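start.cif follows; it contains mmCIF, C-alpha atoms and all ligand atoms.
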data_protein
#
loop_
_atom_site.label_atom_id
_atom_site.label_comp_id
_atom_site.auth_asym_id
_atom_site.auth_seq_id
_atom_site.Cartn_x
_atom_site.Cartn_y
_atom_site.Cartn_z
CA MET A 320 29.56 -46.36 81.15
CA PRO A 321 29.80 -43.86 78.29
CA ARG A 322 30.13 -45.30 74.80
CA THR A 323 32.17 -43.89 71.95
CA GLN A 324 30.83 -43.53 68.45
CA HIS A 325 33.10 -44.75 65.66
CA HIS A 326 32.88 -43.62 62.06
CA ARG A 327 31.36 -46.17 59.72
CA ARG A 328 31.36 -46.58 55.95
CA TYR A 329 28.54 -48.78 54.68
CA LEU A 330 27.44 -50.26 51.37
CA MET A 331 23.69 -50.32 50.75
CA CYS A 332 21.37 -51.11 47.82
CA ARG A 333 18.04 -49.34 47.30
CA PRO A 334 15.28 -52.03 47.16
CA GLU A 335 13.81 -50.83 43.86
CA HIS A 336 13.17 -54.39 42.72
CA PHE A 337 12.23 -55.79 46.13
CA THR A 338 9.59 -58.52 46.24
CA VAL A 339 9.33 -62.11 47.46
CA SER A 340 9.16 -64.29 44.35
CA TYR A 341 10.88 -67.42 45.73
CA SER A 342 11.55 -68.90 49.15
CA ILE A 343 15.05 -69.70 50.42
CA ASN A 344 14.42 -69.10 54.12
CA PRO A 345 11.43 -69.75 56.43
CA TRP A 346 10.40 -66.05 56.43
CA MET A 347 9.77 -65.87 52.69
CA GLU A 348 6.19 -66.60 51.55
CA PRO A 349 5.85 -65.83 47.84
CA ALA A 350 2.04 -66.06 48.16
CA ASN A 351 1.96 -63.05 50.50
CA PRO A 352 1.86 -59.58 48.90
CA THR A 353 4.82 -57.21 49.22
CA ASP A 354 4.87 -53.44 48.84
CA THR A 355 8.01 -52.27 47.05
CA ALA A 356 7.33 -48.56 47.65
CA ARG A 357 7.02 -49.23 51.37
CA ALA A 358 10.26 -51.24 51.35
CA VAL A 359 12.03 -48.31 49.69
CA GLU A 360 10.57 -45.84 52.23
CA GLN A 361 11.65 -47.91 55.23
CA TRP A 362 15.08 -48.50 53.72
CA GLN A 363 15.45 -44.77 53.01
CA ARG A 364 14.86 -44.02 56.66
CA LEU A 365 17.72 -46.35 57.67
CA HIS A 366 19.97 -44.83 54.98
CA ASP A 367 19.16 -41.24 56.05
CA THR A 368 19.65 -42.03 59.74
CA TYR A 369 23.17 -43.31 59.05
CA LEU A 370 23.98 -40.06 57.23
CA GLU A 371 22.42 -37.87 59.92
CA LEU A 372 24.68 -39.52 62.48
CA GLY A 373 27.72 -38.69 60.36
CA HIS A 374 28.36 -42.06 58.73
CA GLU A 375 29.16 -42.59 55.06
CA VAL A 376 26.93 -44.67 52.79
CA GLU A 377 27.95 -45.99 49.38
CA LEU A 378 25.36 -47.38 46.99
CA ILE A 379 25.45 -50.31 44.57
CA ASP A 380 22.95 -50.29 41.70
CA PRO A 381 20.07 -52.74 42.17
CA LEU A 382 19.80 -55.38 39.42
CA PRO A 383 16.36 -56.20 38.02
CA GLY A 384 15.47 -59.83 38.75
CA TYR A 385 17.50 -59.87 41.99
CA PRO A 386 15.01 -58.84 44.68
CA ASP A 387 17.37 -59.90 47.51
CA MET A 388 20.18 -57.59 46.45
CA VAL A 389 19.00 -55.08 49.06
CA TYR A 390 20.63 -57.40 51.62
CA THR A 391 24.13 -56.15 50.88
CA ALA A 392 25.58 -57.80 53.98
CA ASN A 393 25.67 -60.96 51.85
CA GLY A 394 27.69 -59.25 49.12
CA GLY A 395 31.06 -59.72 50.79
CA PHE A 396 33.17 -59.40 53.91
CA VAL A 397 35.49 -56.41 53.94
CA VAL A 398 38.41 -55.96 56.34
CA ASP A 399 41.68 -54.03 55.91
CA GLY A 400 40.67 -52.92 52.40
CA ILE A 401 40.33 -56.54 51.26
CA ALA A 402 36.89 -57.59 50.01
CA TYR A 403 36.28 -61.33 50.20
CA GLY A 404 33.52 -61.87 47.64
CA PRO A 405 30.37 -63.93 48.01
CA SER A 406 29.46 -67.29 46.52
CA PHE A 407 25.75 -67.68 47.14
CA ARG A 408 24.28 -71.00 48.21
CA TYR A 409 21.09 -70.70 46.12
CA VAL A 410 20.92 -70.15 42.37
CA GLU A 411 18.35 -67.35 42.87
CA ARG A 412 21.06 -65.05 44.24
CA GLN A 413 24.14 -66.26 42.37
CA GLY A 414 23.91 -63.52 39.74
CA GLU A 415 24.52 -60.89 42.42
CA ALA A 416 28.08 -62.04 43.07
CA PRO A 417 29.80 -60.53 39.97
CA ALA A 418 28.06 -57.20 40.59
CA PHE A 419 29.52 -57.01 44.11
CA ILE A 420 33.00 -58.04 42.94
CA ASP A 421 32.85 -55.38 40.20
CA TRP A 422 31.75 -52.76 42.72
CA PHE A 423 34.63 -53.58 45.08
CA ARG A 424 37.20 -53.38 42.26
CA ALA A 425 35.76 -50.12 40.90
CA ASN A 426 35.94 -48.61 44.38
CA GLY A 427 39.53 -49.41 45.23
CA PHE A 428 39.12 -52.61 47.23
CA ASP A 429 41.32 -55.61 46.74
CA ALA A 430 38.62 -58.13 45.74
CA VAL A 431 39.13 -61.85 46.36
CA VAL A 432 36.93 -64.21 44.35
CA PRO A 433 36.11 -67.06 46.74
CA GLU A 434 36.39 -70.76 46.05
CA GLU A 435 34.00 -71.76 48.81
CA VAL A 436 30.26 -71.11 49.26
CA ASN A 437 29.81 -68.15 51.60
CA GLU A 438 27.35 -65.31 52.10
CA GLY A 439 29.63 -62.51 53.25
CA GLU A 440 28.96 -60.51 56.36
CA GLY A 441 25.73 -62.47 56.78
CA ASP A 442 27.96 -65.21 58.23
CA PHE A 443 31.25 -63.42 59.05
CA LEU A 444 31.42 -60.80 61.77
CA LEU A 445 34.55 -59.01 62.94
CA ALA A 446 34.59 -58.98 66.75
CA GLY A 447 37.68 -57.22 68.07
CA ASP A 448 40.65 -59.14 66.71
CA VAL A 449 38.77 -62.27 65.74
CA ILE A 450 36.33 -63.25 63.02
CA LEU A 451 33.16 -65.01 64.14
CA ALA A 452 31.92 -67.32 61.40
CA GLY A 453 28.53 -68.99 61.09
CA THR A 454 27.70 -72.25 59.32
CA GLY A 455 24.84 -74.74 59.20
CA PHE A 456 22.58 -73.18 56.59
CA ARG A 457 24.49 -71.00 54.11
CA SER A 458 28.26 -70.52 54.37
CA THR A 459 30.26 -73.76 54.47
CA GLY A 460 32.86 -74.73 57.06
CA ASP A 461 35.44 -74.69 54.25
CA SER A 462 34.72 -70.99 53.73
CA HIS A 463 35.78 -70.40 57.34
CA ALA A 464 39.21 -71.81 56.57
CA GLU A 465 39.36 -69.71 53.39
CA VAL A 466 38.52 -66.54 55.35
CA ALA A 467 41.21 -67.34 57.92
CA ARG A 468 43.75 -67.55 55.08
CA VAL A 469 42.55 -64.42 53.27
CA PHE A 470 42.62 -62.18 56.35
CA ASP A 471 45.27 -63.99 58.41
CA ARG A 472 43.14 -63.72 61.53
CA GLU A 473 41.73 -66.16 64.02
CA VAL A 474 38.31 -67.49 62.93
CA ILE A 475 35.87 -68.90 65.48
CA SER A 476 33.35 -71.25 63.83
CA LEU A 477 29.81 -71.27 65.22
CA ASN A 478 27.08 -73.75 64.30
CA LEU A 479 23.59 -72.39 63.67
CA VAL A 480 20.76 -74.86 64.35
CA ASP A 481 17.45 -72.95 63.99
CA ALA A 482 16.34 -72.40 60.36
CA ARG A 483 14.79 -69.02 61.22
CA PHE A 484 18.28 -67.79 62.12
CA TYR A 485 20.06 -69.06 59.03
CA HIS A 486 22.78 -66.40 58.91
CA LEU A 487 25.06 -65.53 61.84
CA ASP A 488 23.96 -61.88 61.69
CA THR A 489 20.38 -62.90 62.51
CA ALA A 490 21.52 -64.42 65.82
CA LEU A 491 24.55 -62.41 66.90
CA SER A 492 25.44 -58.75 66.86
CA VAL A 493 28.81 -57.08 67.45
CA LEU A 494 28.30 -53.88 69.45
CA ASP A 495 31.79 -52.39 69.55
CA PRO A 496 34.29 -54.19 67.36
CA VAL A 497 37.23 -51.95 68.28
CA ALA A 498 37.31 -52.39 72.05
CA GLU A 499 40.53 -51.17 73.65
CA ASP A 500 41.41 -54.60 75.04
CA GLY A 501 40.90 -56.20 71.63
CA ARG A 502 37.81 -57.94 72.95
CA ALA A 503 34.48 -56.86 71.56
CA THR A 504 31.09 -56.71 73.25
CA ILE A 505 28.58 -58.92 71.51
CA ALA A 506 24.91 -59.78 71.92
CA TYR A 507 23.48 -63.13 70.87
CA LEU A 508 20.51 -65.45 70.90
CA PRO A 509 21.68 -68.61 72.73
CA GLY A 510 18.98 -70.87 71.24
CA ALA A 511 20.20 -70.27 67.70
CA PHE A 512 23.47 -72.16 68.38
CA ASP A 513 24.37 -75.75 69.20
CA ASP A 514 25.73 -76.63 72.66
CA ALA A 515 29.37 -76.58 71.61
CA SER A 516 29.10 -73.12 70.01
CA ARG A 517 27.21 -71.77 73.03
CA ALA A 518 30.03 -72.98 75.26
CA VAL A 519 32.59 -71.23 73.05
CA LEU A 520 30.62 -67.97 73.17
CA GLU A 521 30.34 -68.17 76.96
CA ARG A 522 34.05 -68.73 77.33
CA ARG A 523 35.23 -66.11 74.83
CA PHE A 524 32.61 -63.44 75.54
CA PRO A 525 31.69 -63.70 79.23
CA ASP A 526 30.25 -60.14 79.21
CA ALA A 527 27.94 -60.72 76.25
CA ILE A 528 24.32 -59.61 76.28
CA ARG A 529 22.10 -62.65 75.98
CA VAL A 530 18.93 -61.77 74.16
CA SER A 531 15.52 -63.37 74.80
CA ASP A 532 13.75 -65.64 72.32
CA GLU A 533 11.03 -62.97 71.90
CA ASP A 534 13.53 -60.32 70.84
CA GLY A 535 15.42 -62.78 68.65
CA ALA A 536 12.21 -63.82 66.88
CA VAL A 537 11.57 -60.22 65.72
CA PHE A 538 15.13 -60.02 64.32
CA GLY A 539 16.32 -57.88 67.21
CA LEU A 540 19.87 -59.13 66.73
CA ASN A 541 19.96 -58.17 63.09
CA SER A 542 21.32 -54.81 64.10
CA ALA A 543 24.17 -52.45 63.22
CA SER A 544 26.25 -50.55 65.76
CA ASP A 545 28.75 -47.70 65.65
CA GLY A 546 29.91 -48.38 69.19
CA ARG A 547 27.39 -45.99 70.71
CA ASN A 548 24.28 -45.95 68.53
CA VAL A 549 22.77 -49.39 67.97
CA PHE A 550 20.25 -49.58 65.14
CA ILE A 551 17.58 -52.11 66.08
CA SER A 552 14.03 -53.19 65.31
CA PRO A 553 11.42 -51.26 67.39
CA ARG A 554 9.86 -54.60 68.24
CA ALA A 555 12.89 -55.80 70.21
CA THR A 556 11.85 -54.00 73.39
CA GLY A 557 13.75 -56.22 75.82
CA PHE A 558 16.99 -55.85 73.88
CA GLU A 559 16.40 -52.09 73.72
CA LYS A 560 16.39 -52.00 77.52
CA GLN A 561 19.45 -54.25 77.82
CA LEU A 562 21.34 -51.89 75.50
CA ARG A 563 20.33 -48.80 77.50
CA ASP A 564 21.44 -50.49 80.73
CA ARG A 565 24.89 -50.97 79.16
CA GLY A 566 25.16 -47.33 78.07
CA TYR A 567 24.34 -47.74 74.37
CA THR A 568 21.82 -45.57 72.51
CA PRO A 569 19.26 -47.72 70.70
CA ILE A 570 17.96 -46.15 67.46
CA LEU A 571 14.70 -47.79 66.41
CA ILE A 572 14.23 -48.40 62.70
CA ASP A 573 11.27 -50.36 61.37
CA LEU A 574 12.08 -52.56 58.36
CA SER A 575 8.94 -54.73 58.59
CA GLU A 576 8.56 -54.89 54.80
CA LEU A 577 12.09 -56.17 54.35
CA LEU A 578 11.49 -58.78 57.04
CA LEU A 579 9.14 -60.45 54.52
CA GLY A 580 12.33 -61.45 52.69
CA GLY A 581 13.90 -62.66 55.91
CA GLY A 582 16.18 -59.68 56.39
CA GLY A 583 16.53 -56.66 58.66
CA ILE A 584 18.82 -53.76 59.46
CA LYS A 585 22.13 -55.62 59.45
CA CYS A 586 21.24 -57.55 56.31
CA CYS A 587 20.83 -54.22 54.48
CA THR A 588 24.19 -52.91 55.75
CA LEU A 589 27.66 -54.06 54.65
CA GLU A 590 30.53 -52.48 56.52
CA LEU A 591 33.44 -51.27 54.36
CA ARG A 592 36.62 -51.39 56.42
CA GLY A 593 39.53 -49.64 54.76
CA PRO A 594 43.23 -50.51 54.73
CA ARG A 595 44.90 -50.91 58.13
N1 LIG B 1 16.15 -63.39 51.31
C1 LIG B 1 17.55 -63.29 51.65
C2 LIG B 1 18.17 -64.67 51.69
O1 LIG B 1 17.53 -65.57 52.17
C3 LIG B 1 17.71 -62.61 52.98
C4 LIG B 1 19.14 -62.35 53.33
C5 LIG B 1 19.31 -61.75 54.69
N2 LIG B 1 20.62 -61.34 54.89
C6 LIG B 1 21.34 -61.44 56.03
N3 LIG B 1 22.50 -60.90 56.08
N4 LIG B 1 20.91 -62.14 57.06
O2 LIG B 1 19.28 -64.88 51.23
#
Whole structure given in structure tokens:
Amino acid sequence: MPRTQHHRRYLMCRPEHFTVSYSINPWMEPANPTDTARAVEQWQRLHDTYLELGHEVELIDPLPGYPDMVYTANGGFVVDGIAYGPSFRYVERQGEAPAFIDWFRANGFDAVVPEEVNEGEGDFLLAGDVILAGTGFRSTGDSHAEVARVFDREVISLNLVDARFYHLDTALSVLDPVAEDGRATIAYLPGAFDDASRAVLERRFPDAIRVSDEDGAVFGLNSASDGRNVFISPRATGFEKQLRDRGYTPILIDLSELLLGGGGIKCCTLELRGPR
């Protein structure tokens, strides 16, 4: 079936200060060398590809001493022109929060400073009319209730159980959030969720693409989609085929250097959704 491309506006942050100097997820090994120039080059390719496909990209200035700021998905959750700000779990990233709030305010968003610990679109994904919310490692269950209040939408809480997939966006991807019937197509890694959450996903998203452990382990699900083009890791070959079979166009972008920090394509991409 043919897929329709939707215009996207994204917030990104050039990884000028990228390195791995601490470890807050199982992918980060401060003893291993990182190559900042290579991170910038790979990131640039993602940035340029978005523009070539007609999307808009806004940039936030990278702060020295905050090597994880490139993962802008954690900088907030933006729907209907309202930007729910982040409150990072670990002290290493907490200084990023005011920078994101300031950016939202300076750019015409209605910024909400959160009371609860949450890591933005890393754990909150808009799927059709509902918000899917992850917890277990970073964002708290209380932040799910806060998000429900802020956006006045249904929130479906999902429990993550595998430390490698510590944010929801490492285990679940929304492929076309504006489906005509209000129900979005999603892809997910079943093993990243507990039994109860898997049952909820099966019931609410019977047509979902279930991705293999191999593709999940190379961060295949950490992908962005405009409804037709799906930006994925070139190593997720099984997922690439599943997407083609469903009529999507996979666009392969290698962010291997940024994976050393435990992040991929989606982590580097925050969607800015304007007023309704
Ligand atoms: N090193 C970062 C952290 O652990 C990676 C964040 C990845 N972001 C994401 N949206 N999954 O916080």
Can I get the residues of chain A within 9 Å of ligand LIG 1 (chain B), each with the closest pair of atoms and their distance in Å to one decimal, using all atoms listed in the file, sorted chain first then ascending number, as CSV?
residue,atom,partner,partner_atom,distance
A:Val339,CA,B:LIG1,N1,7.9
A:Tyr341,CA,B:LIG1,N1,8.7
A:Ser342,CA,B:LIG1,O1,7.5
A:Ile343,CA,B:LIG1,O1,5.1
A:Asn344,CA,B:LIG1,O1,5.1
A:Pro345,CA,B:LIG1,O1,8.5
A:Trp346,CA,B:LIG1,N1,8.1
A:Met347,CA,B:LIG1,N1,7.0
A:Pro386,CA,B:LIG1,N1,8.1
A:Asp387,CA,B:LIG1,N1,5.3
A:Met388,CA,B:LIG1,C1,8.2
A:Val389,CA,B:LIG1,C4,8.4
A:Tyr390,CA,B:LIG1,N2,5.1
A:Thr391,CA,B:LIG1,N3,7.2
A:Ala392,CA,B:LIG1,N3,4.8
A:Asn393,CA,B:LIG1,N3,5.3
A:Gly394,CA,B:LIG1,N3,8.8
A:Phe407,CA,B:LIG1,O2,8.2
A:Arg408,CA,B:LIG1,O2,8.5
A:Tyr409,CA,B:LIG1,O2,8.0
A:Glu411,CA,B:LIG1,O2,8.8
A:Arg412,CA,B:LIG1,O2,7.2
A:Glu438,CA,B:LIG1,N3,7.7
A:Gly439,CA,B:LIG1,N3,7.8
A:Glu440,CA,B:LIG1,N3,6.5
A:Gly441,CA,B:LIG1,N3,3.7
A:Asp442,CA,B:LIG1,N3,7.3
A:Arg457,CA,B:LIG1,O2,8.5
A:Phe484,CA,B:LIG1,N4,8.0
A:Tyr485,CA,B:LIG1,N4,7.2
A:His486,CA,B:LIG1,N4,5.0
A:Leu487,CA,B:LIG1,N4,7.2
A:Asp488,CA,B:LIG1,N4,5.6
A:Thr489,CA,B:LIG1,N4,5.5
A:Asn541,CA,B:LIG1,N4,7.3
A:Leu577,CA,B:LIG1,C3,8.7
A:Leu578,CA,B:LIG1,C3,8.4
A:Leu579,CA,B:LIG1,N1,8.3
A:Gly580,CA,B:LIG1,N1,4.5
A:Gly581,CA,B:LIG1,C3,4.8
A:Gly582,CA,B:LIG1,C5,4.1
A:Gly583,CA,B:LIG1,C5,7.0
A:Ile584,CA,B:LIG1,N3,8.7
A:Lys585,CA,B:LIG1,N3,6.3
A:Cys586,CA,B:LIG1,N3,3.6
A:Cys587,CA,B:LIG1,N3,7.1
A:Thr588,CA,B:LIG1,N3,8.2
A:Leu589,CA,B:LIG1,N3,8.7
Exercise for the section: Take the point (14.1, -44.9, 62.6) in the file's coordinates, draw a sphere of radius 7 Å around it, and report as a list in words every protein, DNA or RNA residue with an atom inside or on it, counting all atoms listed in the file. Expected result: Arg364, Leu365, Thr368, Ile570, Leu571, Ile572 and Asp573 of chain A
Problem - Residue with smallest distance to Glu590 (chain A) - pool A:Phe396, A:Tyr369, A:Trp362, A:Tyr385, counting all atoms listed in the file - result: A:Phe396
Handout entry: Residue contacts of Ser492 (chain A) (7 Å, only C-alpha atoms) excluding same-chain residues fewer than 2 positions away, as a ChimeraX atom specification
Key = /A:488,490,494,505-507,540-542
Handout entry: Who sits within 9 Å of region 413-423 of chain A, only C-alpha atoms, same chain under 6 positions skipped, as a list in words
Key =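 After dropping sequence-adjacent residues, the list is Ile379, Asp380, Leu382, Tyr385, Asp387, Met388, Thr391, Gly394, Gly395, Ile401, Ala402, Tyr403, Gly404, Pro405, Ser406, Phe407, Asp429, Ala430, Val431 and Val432 of chain A.
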Practice task
Please measure the separation of CA of Asn351 (chain A) and CA of Glu576 (chain A), giving the value in Å to one decimal.
Solution key: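 We find that CA of Asn351 (chain A) and CA of Glu576 (chain A) lie 11.3 Å from each other.
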Exercise for the section: Choose the residue, out of A:Arg322, A:His366, A:Lys560, A:Arg529, that has the smallest atom-to-atom separation from Pro334 (chain A); count all atoms listed in the file. Expected result: A:His366
Exercise for the section: Rounded to one decimal place, report the CA of Glu533 (chain A)-CA of Glu348 (chain A) distance in Å. Expected result: 21.2 Å
Practice task
Please provide the set of residues having any atom within 8 Å of Glu377 (chain A), restricted to only C-alpha atoms, with same-chain residues fewer than 6 positions apart removed, written as number ranges by chain.
Solution key: A: 328-331
Practice task
Between CA of Val474 (chain A) and CA of Val436 (chain A), measure the distance and give it in Å to one decimal.
Solution key: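 It comes out at 16.3 Å.
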Problem - Nearest residue to Gly460 (chain A) from the set A:Ala536, A:Ala543, A:Leu479, A:Leu444 (distances using only C-alpha atoms) - result: A:Leu479
Near Glu559 (chain A), within 12 Å and counting all atoms listed in the file, which residues show up once chain neighbours fewer than 5 positions away are dropped, as a short mmCIF file (atom, residue, chain, number, x, y, z; two decimals) with C-alpha atoms, in the coordinates of the input?
data_model
loop_
_atom_site.label_atom_id
_atom_site.label_comp_id
_atom_site.auth_asym_id
_atom_site.auth_seq_id
_atom_site.Cartn_x
_atom_site.Cartn_y
_atom_site.Cartn_z
CA ALA A 506 24.91 -59.78 71.92
CA ILE A 528 24.32 -59.61 76.28
CA VAL A 530 18.93 -61.77 74.16
CA SER A 531 15.52 -63.37 74.80
CA ASP A 534 13.53 -60.32 70.84
CA GLY A 535 15.42 -62.78 68.65
CA GLY A 539 16.32 -57.88 67.21
CA LEU A 540 19.87 -59.13 66.73
CA SER A 542 21.32 -54.81 64.10
CA ASN A 548 24.28 -45.95 68.53
CA VAL A 549 22.77 -49.39 67.97
CA PHE A 550 20.25 -49.58 65.14
CA ILE A 551 17.58 -52.11 66.08
CA SER A 552 14.03 -53.19 65.31
CA PRO A 553 11.42 -51.26 67.39
CA ARG A 554 9.86 -54.60 68.24
CA ASP A 564 21.44 -50.49 80.73
CA ARG A 565 24.89 -50.97 79.16
CA GLY A 566 25.16 -47.33 78.07
CA TYR A 567 24.34 -47.74 74.37
CA THR A 568 21.82 -45.57 72.51
CA PRO A 569 19.26 -47.72 70.70
CA ILE A 570 17.96 -46.15 67.46
CA LEU A 571 14.70 -47.79 66.41
CA ILE A 572 14.23 -48.40 62.70
#
Kindly compute an axis-aligned box around the listed atoms of region 463-472 of chain A, allowing 6 Å on each side, and express its centre and edge lengths in Å to one decimal as AutoDock Vina command-line options.
--center_x 40.5 --center_y -67.0 --center_z 57.4 --size_x 21.5 --size_y 21.6 --size_z 20.3
Problem - Selected residue, from A:Leu477, A:Ala356, A:Ala515, A:Val493, that lies nearest to Gly546 (chain A) when counting only C-alpha atoms - result: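 Nearest candidate to Gly546 (chain A) out of A:Leu477, A:Ala356, A:Ala515, A:Val493: A:Val493.
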